[in-house]
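The structure under discussion appears below in the form of structure tokens.
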Amino acid sequence: MAAFVRHRIPFAGRRSVTAPATCAQRHIWNLMQEQLPDAAFYDVCYWVALPGRGTARDLLDVCAELVARHESLRTGFHRDVDGSLVQQVVNAAEFEAEVWALGPQDDPDAVREAWERRMRHTPFDPARAPLIRFMVTVVDGAPVLAAFCVSHLAVDLTAVRLLADEMTRLFDARAAGRPLPPAVPARQPVEQAQLEQSPRGRALQARARAYWCRQLDAAPATLFPDRGGPASPVRYSAGMNSRAAALAVPVLARRWRVSTSVVLLTVVARLLGRRAGLPSCTLRLLTANRSDPDVRGTVANLHTEVPVTIALDGDRAEDIARRALAACTAAYANGLYDPDDVARLIASARGPGVPVDLSYCFNDIREEQALPDAGEDDEAVSGESLRAAMADTVVAPDEFEEGETFFIVVDDEVPGWIRIVLNADHRALTPSEVHAFLRDIERLLVEYVENTGADHGPAATVGGAGRFSAAEL
């Protein structure tokens with residue numbers, strides 16, 4: 001029978017400092033306030049498998065080193081006297097960690113899942129750093145799995161992956177008795193806030209504000225006109241696991257000379273536009289905001305959401321896809337903005353009582369990856385092979401939940417498959433329509449492969465052909 005011991009582990013960082021919150025921190029803070037009292041909705045759990053060597057003490061020491069290295073993990077948040085959000089980095093404190101000793105009959109994954117469920121019902125106090133907790137499962141004295149639960153105020157998806165990779169590297173070194181590899185130099189959130197207040201940062205925010213104004217002017221009032229139904233939101237999620245989509249998407253990306261994310265975004269936008277009978281579709285994308293080399297290794301929350309409007313006129317899907325690529329490029333370039341200012345822009349976009357509905361989100365969380373070689377032969381991916389792969393597709397209810405009218409998440413955790421999860425308000429899509437929409441994504445991808453022939457051969461290297469990393473929870 002699995003049993004655990006809870007530890008309070010001290011850590012020591014390099015400085016204590018107080019600074020204004022960054023734009024991204026204020027963005028996620030505002031979202032969290034909308035979820036109160038269930039603030040744990042924005043906590044993130046992640047885990048890594050361990051090689052079964054070393055000791056639990058080794059891993060706890062590594063966790064202390066991670067918290068010491070990354071200021072976001074030891075930052076609390078509060079309002080100052082004028083109501084502005086402030087980040088406060090603490091130099092020293094303690095974090096909580098649980099060490100679980102497993103017996104022969106215990107399932108490490110089941111123990112981890114139970115811990116994650118408990119963490120999701122144990123919200124952090126944002127004013128009290130650190131905003132992270134750890135757990136480790138041990139078999140015969142050696143760690144086999146580690147997990148952490150961390151506030152979204154401290155990390156985004158890119159940061160979570162960076163943290164997991166660093167944990168693995170540090171533990172490998174510690175368990176082998178080697179010196180710990182040094183931290184990757186990266187801008188910390190306090191310095192990010194300073195940049196945002198600089199002339200350069202203010203110029204970037206002014207440019208993003210103008211971009212938002214243009215998008216709000218172009219956006220349709222809604223993609224889902226009211227057709228009655230429950231007075232308050234009732235949401236339903238389903239997920240589709242598709243081998244056919246995984247085969248079709250890179251073929252279309254090469255033929256259309258766009259990223260694989262843009263292929264999927266194009267299909268989603270076209271389906272939404274058809275349903276709404278509109279010549280364009282505006283969705284929100286999640287951007288990692290890591291084009292600057294100084295933040296590519298930053299463990300912090302840098303992500304924001306940006307609107308993108310895709311023109312749907314014309315019969316050729318590849319033309320729509322290339323317009324979508326250009327639109328995404330512009331959107332991702334405008335990810336640094338004042339979230340409070342943008343909220344005011346949205347509220348006043350159409351005048352009092354006539355808001356613009358931007359409650360539609362597309363989030364591709366796949367890790368960044370290069371497309372297959374441009375010269376690779378796509379003939380093996382035929383319409384016949386895709387139709388055969390569609391027989392393996394599974395669409396089933398999912399537990400994913402978001403407070404949006406329409407929210408799509410794309411992942412490829414299982415090699416050779418793409419998983420697409422759609423969460424929608426019943427007033428926009430009923431459960432059966434959610435299932436049908438997912439099937440339509442796959443069907444349209446297959447039809448596009450069948451209908452684009454040899455004259456649309458693999459694309460050579462083209463600007464933007466690498467996939468975008470939308471990056472965020």
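Labels used: A, B, ... for chains in the order of the structure tokens, numbers from 1 for residues in each chain, and numbers from 1 for ligands as shown.
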
Taking 5 positions as the minimum chain separation for residues in the same chain, which residues sit within 12 Å of A:Ala288 when counting only C-alpha atoms? Answer as number ranges by chain.
A: 24, 155-159, 295-306, 331-336, 363-365, 367-368, 468-473

Fewer than 5 positions away in the same chain doesn't count, so skip those; otherwise give me all residues within 6 Å of stretch 380-392 of chain A, counting only C-alpha atoms, as a VMD selection string.
chain A and resid 243 to 244 450

Would you put the residues from that selection into a file with C-alpha atoms, as a compact mmCIF listing (two decimals), in the first residue's frame?
# COMPACT_ATOMS: atom_id res chain seq x y z
CA ARG A 243 -4.14 8.79 -37.60
CA ALA A 244 -5.57 10.10 -40.87
CA GLU A 450 -7.26 13.96 -52.49

DSSP strand (DSSP E or B) residues within stretch 191-361 of chain A, listed as a count of residues only
26

Residue nearest A:Ser151 - candidates A:Gln25, A:Ser291, A:Ser232, A:Thr260, atoms counted: only C-alpha atoms:
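Ranking A:Gln25, A:Ser291, A:Ser232, A:Thr260 by distance to A:Ser151, first place goes to A:Gln25.
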
Please extract the residues of stretch 226-445 of chain A with a backbone DSSP assignment of helix (DSSP H, G or I) and present them as a count of residues only.
82

For A:Gly403, which of A:Ile441, A:Ala175, A:Val111, A:Cys361 is the closest residue, counting only C-alpha atoms?
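Distance minimum relative to A:Gly403 lands on A:Cys361.
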
Measuring atom to atom with only C-alpha atoms, identify which of A:Pro293, A:Pro279, A:Pro108, A:Gly76 is nearest to A:Ala218.
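Going through A:Pro293, A:Pro279, A:Pro108, A:Gly76 one by one, the smallest distance to A:Ala218 is for A:Pro279.
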
Write out as number ranges by chain each polymer residue whose atoms come within 12 Å of A:Arg26, counting only C-alpha atoms; drop sequence neighbours fewer than 3 positions from it.
A: 20-23, 29-33, 77-79, 84-87, 152-154, 189, 193, 301-304, 336-343

Of the residues A:Ala330, A:Val262, A:Val434, A:Leu272, which is the one nearest to A:Val410, using only C-alpha atoms?
A:Val262

Could you please determine the separation between atom CA of A:Val251 and atom CA of A:Tyr448 in Å, to one decimal place?
9.8 Å

When you draw a straight line from atom CA of A:Glu71 to atom CA of A:Ala206, how long is it in Å?
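Separation of atom CA of A:Glu71 and atom CA of A:Ala206: 28.0 Å.
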